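Just target_39.tsv here, TSV, C-alpha atoms:
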```tsv
chain	number	residue	atom	x	y	z
A	1	MET	CA	98.16	96.99	140.66
A	2	GLY	CA	99.63	95.22	137.65
A	3	PHE	CA	101.27	96.60	134.55
A	4	PHE	CA	98.27	95.89	132.38
A	5	CYS	CA	95.99	97.92	134.55
A	6	PRO	CA	98.10	101.03	135.27
A	7	ARG	CA	95.05	103.02	136.31
A	8	PRO	CA	91.33	102.37	136.49
A	9	ILE	CA	89.98	102.29	132.96
A	10	SER	CA	86.47	103.60	132.62
A	11	ASN	CA	85.25	101.32	129.83
A	12	GLY	CA	86.90	98.20	131.24
A	13	MET	CA	89.28	97.78	128.30
A	14	ASN	CA	92.90	97.11	129.18
A	15	LYS	CA	94.56	99.27	126.53
A	16	PRO	CA	98.23	98.37	127.10
A	17	LYS	CA	97.28	94.68	126.85
A	18	LEU	CA	95.29	95.41	123.69
A	19	ILE	CA	98.34	97.11	122.11
A	20	ILE	CA	100.60	94.18	123.03
A	21	SER	CA	98.04	91.67	121.71
A	22	SER	CA	97.76	93.59	118.44
A	23	ALA	CA	101.56	93.73	118.11
A	24	TYR	CA	101.82	89.96	118.68
A	25	ALA	CA	99.05	89.35	116.14
A	26	ALA	CA	100.67	91.69	113.60
A	27	ILE	CA	103.99	89.81	113.94
A	28	ILE	CA	102.22	86.48	113.41
A	29	THR	CA	100.38	87.92	110.39
A	30	ILE	CA	103.65	89.17	108.85
A	31	ILE	CA	105.27	85.75	109.36
A	32	PHE	CA	102.18	84.09	107.85
A	33	VAL	CA	102.21	86.35	104.76
A	34	VAL	CA	105.94	85.78	104.18
A	35	VAL	CA	105.70	81.99	104.64
A	36	ILE	CA	102.52	81.44	102.60
A	37	THR	CA	103.80	83.71	99.81
A	38	ILE	CA	107.14	81.93	99.42
A	39	TRP	CA	105.61	78.50	99.93
A	40	ALA	CA	102.92	79.12	97.29
A	41	GLU	CA	105.50	80.35	94.78
A	42	LEU	CA	107.47	77.13	95.24
A	43	SER	CA	104.46	74.78	95.45
A	44	ALA	CA	101.98	74.77	92.57
A	45	PRO	CA	99.36	72.70	94.49
A	46	LEU	CA	99.28	75.25	97.33
A	47	LYS	CA	98.98	78.17	94.89
A	48	ASP	CA	96.16	76.35	93.08
A	49	TRP	CA	94.40	75.73	96.39
A	50	LEU	CA	94.68	79.42	97.26
A	51	LYS	CA	93.32	80.32	93.82
A	52	ASN	CA	90.42	77.91	94.17
A	53	PHE	CA	89.53	79.11	97.67
A	54	SER	CA	88.46	82.60	96.60
A	55	GLY	CA	89.15	82.86	92.88
A	56	HIS	CA	92.56	84.51	93.31
A	57	HIS	CA	95.60	83.57	95.41
A	58	TRP	CA	96.06	87.16	96.64
A	59	THR	CA	92.42	87.45	97.73
A	60	SER	CA	92.80	84.22	99.72
A	61	LYS	CA	96.00	85.50	101.36
A	62	SER	CA	94.20	88.76	102.19
A	63	ILE	CA	91.23	86.95	103.76
A	64	PHE	CA	93.45	84.60	105.78
A	65	SER	CA	95.73	87.41	106.96
A	66	VAL	CA	92.78	89.53	108.17
A	67	LEU	CA	91.18	86.57	109.94
A	68	LEU	CA	94.51	85.56	111.50
A	69	TYR	CA	95.19	89.09	112.74
A	70	ALA	CA	91.68	89.49	114.20
A	71	ILE	CA	91.60	86.06	115.87
A	72	ALA	CA	95.17	86.30	117.19
A	73	THR	CA	94.51	89.76	118.67
A	74	ALA	CA	91.40	88.47	120.45
A	75	VAL	CA	93.15	85.31	121.71
A	76	PHE	CA	96.22	87.16	123.02
A	77	TYR	CA	93.97	89.73	124.68
A	78	LEU	CA	92.00	87.02	126.47
A	79	LEU	CA	95.06	85.00	127.52
A	80	PRO	CA	96.87	85.93	130.71
A	81	GLN	CA	100.14	87.73	130.00
A	82	LYS	CA	103.26	88.25	132.06
A	83	GLU	CA	103.81	91.64	133.56
A	84	ALA	CA	107.00	93.53	132.72
A	85	GLU	CA	107.99	97.15	132.88
A	86	ASN	CA	109.32	97.57	129.35
A	87	ARG	CA	107.01	95.10	127.59
A	88	LEU	CA	105.32	97.63	125.28
A	89	GLN	CA	108.61	99.13	124.07
A	90	ARG	CA	110.03	95.63	123.51
A	91	MET	CA	106.96	94.33	121.65
A	92	LEU	CA	106.83	97.36	119.34
A	93	ASN	CA	110.56	97.00	118.66
A	94	TYR	CA	109.97	93.34	117.72
A	95	LEU	CA	107.10	94.42	115.47
A	96	LEU	CA	109.33	96.99	113.74
A	97	ALA	CA	112.08	94.39	113.29
A	98	PHE	CA	109.68	91.79	111.85
A	99	THR	CA	108.18	94.39	109.49
A	100	ALA	CA	111.63	95.29	108.15
A	101	LEU	CA	112.60	91.61	107.90
A	102	GLY	CA	109.33	90.77	106.12
A	103	VAL	CA	109.85	93.50	103.51
A	104	VAL	CA	113.47	92.47	102.92
A	105	ILE	CA	112.72	88.72	102.71
A	106	ILE	CA	109.81	89.15	100.27
A	107	THR	CA	111.81	91.56	98.09
A	108	LEU	CA	114.87	89.31	98.04
A	109	PHE	CA	112.75	86.22	97.40
A	110	PHE	CA	111.02	87.70	94.33
A	111	ALA	CA	114.32	89.16	93.08
A	112	GLY	CA	115.96	85.75	93.46
A	113	HIS	CA	112.97	84.05	91.86
A	114	HIS	CA	113.12	86.43	88.88
A	115	PHE	CA	116.84	85.79	88.39
A	116	LYS	CA	116.16	82.05	88.80
A	117	ILE	CA	118.39	81.71	91.85
A	118	PHE	CA	115.53	79.67	93.36
B	1	MET	CA	76.48	104.16	82.85
B	2	ASP	CA	75.44	103.75	86.50
B	3	ILE	CA	77.44	104.79	89.54
B	4	VAL	CA	78.71	101.25	90.26
B	5	ALA	CA	80.03	100.95	86.70
B	6	ILE	CA	81.83	104.29	87.07
B	7	LEU	CA	83.31	103.38	90.46
B	8	THR	CA	84.55	100.02	89.19
B	9	SER	CA	86.02	101.38	85.96
B	10	LYS	CA	89.79	101.08	85.63
B	11	PRO	CA	90.87	104.75	85.90
B	12	VAL	CA	88.52	105.46	88.81
B	13	LEU	CA	89.70	102.37	90.72
B	14	ILE	CA	93.34	103.42	90.29
B	15	GLY	CA	92.42	106.94	91.39
B	16	LEU	CA	90.57	105.65	94.47
B	17	HIS	CA	93.44	103.26	95.31
B	18	LEU	CA	96.02	106.05	95.13
B	19	GLY	CA	93.81	108.75	96.63
B	20	PHE	CA	92.87	106.73	99.71
B	21	ALA	CA	96.52	105.63	100.13
B	22	ILE	CA	97.61	109.30	100.11
B	23	ILE	CA	95.00	110.12	102.76
B	24	GLY	CA	96.28	107.17	104.85
B	25	ILE	CA	99.93	108.23	104.48
B	26	ASP	CA	99.09	111.86	105.31
B	27	ALA	CA	97.04	110.82	108.34
B	28	PHE	CA	99.91	108.80	109.82
B	29	LEU	CA	102.45	111.55	109.06
B	30	TRP	CA	100.12	114.03	110.75
B	31	LEU	CA	99.75	111.71	113.73
B	32	LEU	CA	103.54	111.36	113.91
B	33	GLY	CA	103.84	115.17	114.12
B	34	LYS	CA	101.18	115.36	116.84
B	35	TRP	CA	102.97	112.75	118.95
B	36	LYS	CA	106.41	114.23	118.34
B	37	ASP	CA	105.38	117.76	119.31
B	38	ASP	CA	102.85	116.61	121.93
B	39	SER	CA	100.24	118.71	120.13
B	40	GLY	CA	96.52	118.19	119.61
B	41	SER	CA	94.08	116.48	121.93
B	42	GLN	CA	93.89	112.73	122.46
B	43	LYS	CA	90.55	112.78	120.63
B	44	SER	CA	92.18	114.37	117.58
B	45	ARG	CA	94.88	111.66	117.59
B	46	ILE	CA	92.25	108.92	117.75
B	47	VAL	CA	90.32	110.49	114.86
B	48	THR	CA	93.51	110.95	112.78
B	49	ALA	CA	94.53	107.30	113.28
B	50	ALA	CA	90.98	106.10	112.52
B	51	VAL	CA	90.95	108.13	109.29
B	52	GLY	CA	94.34	106.60	108.38
B	53	VAL	CA	93.18	103.02	109.04
B	54	LEU	CA	89.90	103.48	107.14
B	55	ALA	CA	91.72	105.13	104.21
B	56	PHE	CA	94.20	102.23	103.96
B	57	ILE	CA	91.31	99.73	104.09
B	58	ALA	CA	89.52	101.64	101.30
B	59	SER	CA	92.76	101.74	99.27
B	60	TRP	CA	93.13	97.98	99.82
B	61	PHE	CA	89.61	97.29	98.49
B	62	ALA	CA	89.94	99.59	95.45
B	63	GLY	CA	93.45	98.38	94.58
B	64	GLY	CA	92.57	94.76	95.30
B	65	TYR	CA	89.51	94.85	93.05
B	66	TYR	CA	91.56	96.43	90.25
B	67	TYR	CA	94.38	93.93	90.75
B	68	VAL	CA	92.15	90.85	90.77
B	69	VAL	CA	89.78	91.89	87.95
B	70	TYR	CA	91.93	93.92	85.54
B	71	TYR	CA	95.66	93.78	86.32
B	72	GLY	CA	96.31	90.10	85.60
B	73	VAL	CA	94.35	90.12	82.36
B	74	LEU	CA	95.20	93.53	80.91
B	75	VAL	CA	98.32	95.01	82.53
B	76	LYS	CA	100.53	92.08	83.52
B	77	PRO	CA	100.91	90.73	79.95
B	78	VAL	CA	101.92	94.21	78.70
B	79	ILE	CA	104.60	94.57	81.39
B	80	LYS	CA	105.86	91.01	80.95
B	81	SER	CA	106.28	91.51	77.20
B	82	GLY	CA	107.72	95.03	77.56
B	83	ALA	CA	111.14	96.51	78.28
B	84	ALA	CA	111.06	95.75	82.00
B	85	PRO	CA	109.35	92.43	82.80
B	86	TRP	CA	111.17	92.40	86.15
B	87	VAL	CA	108.82	95.17	87.28
B	88	HIS	CA	105.99	92.65	87.52
B	89	ASN	CA	108.14	89.78	88.79
B	90	ILE	CA	109.86	91.76	91.54
B	91	ILE	CA	108.10	95.09	92.15
B	92	MET	CA	104.45	94.07	91.72
B	93	GLU	CA	104.86	90.77	93.53
B	94	THR	CA	106.58	92.52	96.44
B	95	LYS	CA	104.04	95.39	96.49
B	96	GLU	CA	100.96	93.19	96.58
B	97	HIS	CA	102.31	91.17	99.50
B	98	ILE	CA	103.84	93.86	101.72
B	99	PHE	CA	100.54	95.75	101.40
B	100	LEU	CA	99.14	93.01	103.65
B	101	PHE	CA	101.43	94.23	106.48
B	102	VAL	CA	99.94	97.73	106.48
B	103	ILE	CA	96.50	97.16	108.05
B	104	PRO	CA	97.70	95.23	111.17
B	105	LEU	CA	100.44	97.83	111.72
B	106	ALA	CA	98.00	100.74	111.24
B	107	ILE	CA	95.44	99.20	113.62
B	108	THR	CA	98.17	98.69	116.24
B	109	VAL	CA	98.99	102.41	115.95
B	110	PHE	CA	95.27	103.18	116.29
B	111	PHE	CA	95.16	101.17	119.54
B	112	ILE	CA	98.12	103.21	120.84
B	113	THR	CA	96.13	106.42	120.30
B	114	LEU	CA	93.61	105.10	122.84
B	115	LEU	CA	96.22	105.83	125.51
B	116	PRO	CA	96.87	109.43	126.57
B	117	GLN	CA	100.31	110.85	125.69
B	118	GLU	CA	101.41	110.97	129.34
B	119	GLU	CA	100.53	107.26	129.73
B	120	ILE	CA	102.66	106.42	126.65
B	121	GLU	CA	105.58	108.28	128.20
B	122	ARG	CA	105.01	106.79	131.66
B	123	LEU	CA	105.01	103.26	130.20
B	124	GLY	CA	108.22	104.09	128.30
B	125	PHE	CA	107.29	103.35	124.70
B	126	ARG	CA	107.10	106.83	123.14
B	127	ARG	CA	110.13	106.24	120.89
B	128	ALA	CA	108.80	102.93	119.54
B	129	THR	CA	105.40	104.58	118.99
B	130	LEU	CA	106.98	107.34	116.86
B	131	TRP	CA	108.94	104.75	114.89
B	132	LEU	CA	105.89	102.54	114.28
B	133	CYS	CA	103.77	105.48	113.15
B	134	GLY	CA	106.57	106.60	110.81
B	135	VAL	CA	107.03	103.09	109.43
B	136	VAL	CA	103.31	102.87	108.51
B	137	ALA	CA	103.65	106.12	106.51
B	138	LEU	CA	106.97	104.97	105.03
B	139	LEU	CA	105.52	101.62	103.92
B	140	GLY	CA	102.67	103.54	102.26
B	141	LEU	CA	105.16	105.76	100.44
B	142	LEU	CA	107.25	102.75	99.38
B	143	ILE	CA	104.16	100.99	98.04
B	144	GLY	CA	103.19	104.21	96.23
B	145	ALA	CA	106.61	104.43	94.58
B	146	MET	CA	106.29	100.80	93.51
B	147	GLY	CA	102.85	101.55	92.04
B	148	PHE	CA	104.36	104.40	90.02
B	149	MET	CA	107.05	102.07	88.63
B	150	ILE	CA	104.40	99.49	87.69
B	151	SER	CA	102.30	102.11	85.86
B	152	ALA	CA	105.42	103.42	84.09
B	153	ALA	CA	106.43	99.89	83.05
B	154	ALA	CA	102.94	99.32	81.61
B	155	ARG	CA	103.14	102.59	79.64
B	156	TRP	CA	106.60	101.74	78.29
B	157	GLY	CA	105.39	98.23	77.58
B	158	VAL	CA	102.69	99.66	75.31
B	159	ILE	CA	105.17	101.99	73.56
B	160	ASN	CA	107.58	99.12	72.93
```

Could you express the structure from this file as structure tokens?
Amino acid sequence: MGFFCPRPISNGMNKPKLIISSAYAAIITIIFVVVITIWAELSAPLKDWLKNFSGHHWTSKSIFSVLLYAIATAVFYLLPQKEAENRLQRMLNYLLAFTALGVVIITLFFAGHHFKIF
Amino acid sequence: MDIVAILTSKPVLIGLHLGFAIIGIDAFLWLLGKWKDDSGSQKSRIVTAAVGVLAFIASWFAGGYYYVVYYGVLVKPVIKSGAAPWVHNIIMETKEHIFLFVIPLAITVFFITLLPQEEIERLGFRRATLWLCGVVALLGLLIGAMGFMISAAARWGVIN
């Protein structure tokens, strides 16, 4: 019996795989938010496009981040994944690291932008 | 004044934004305690995480509506022309974007509650689970502190 099916699951949902898929999707969403935020601050056409998409750049980022997270979770859940003993611990550690990095990068970027470093 | 007008008025929106965020933070802190002490049933952990996720989503909608409709027009100019314009440029810009991390993280924690505690320990990710749950609450608190600074900067902007 594989890692992703540690015991028979009554409703058919593979919960460890769902957690890993959600962690992957959350990491991708964090990277997306960081990249699109910095890119839009440095590129007026992109920020204008985001504004025009929904009426406000932040609303567009919100919509895209939710869609990305939902679609990525579903895709990773449906894709076959490698089995490994410590996969859950490792994925959650990556997620924690990317969260911390995302907060630091966004804070430093806006601080640098305010002080006209870039 | 009808109920929609009351709910979408500025003070009520801010109250809903903050109130729901506090419920979300408390839910994840409570969940952290349950996991740490191995207390409460699995059903109670699922309900606590679900309450936390729904509260953060509600806070997102209330705060987002306020931010998009009122903040840019009424509050941002006051802060930018006040004693601490950096509060908008650094604090608000950071707050509005790291808020977008919270929902995926909170939903991931919710998915973890679908596993029984003994399964989490057997699969060897109890420590990371505690950390992730704590980080969701911590991010909420950090965003709350930033919100307080933004409100204070707006008040001082008016006084100046």

Report as number ranges by chain the set of chain B residues whose atoms approach chain A to within 10 Å, with distances computed over all atoms listed in the file.
-> B: 60, 64-65, 67-69, 85-115, 119-120, 122-129, 131-132, 135-136, 139

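Here CA of Ile143 (chain B) and CA of Ser59 (chain B) stand 11.5 Å from one another.
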
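In this model, the gap between CA of Ala55 (chain B) and CA of Glu118 (chain B) comes to 27.6 Å.
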
Between B:Ala50, B:Tyr71, B:Phe56, B:Gly147, single out the one closest to Leu31 (chain B), counting only C-alpha atoms.
-> B:Ala50

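Interatomic distance, CA of Gly157 (chain B) to CA of Ala5 (chain B): 27.1 Å.
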
B:Leu13, B:Ile6, B:Val53, B:Ala83 ranked by distance to Gly140 (chain B), top pick (using only C-alpha atoms) | B:Val53
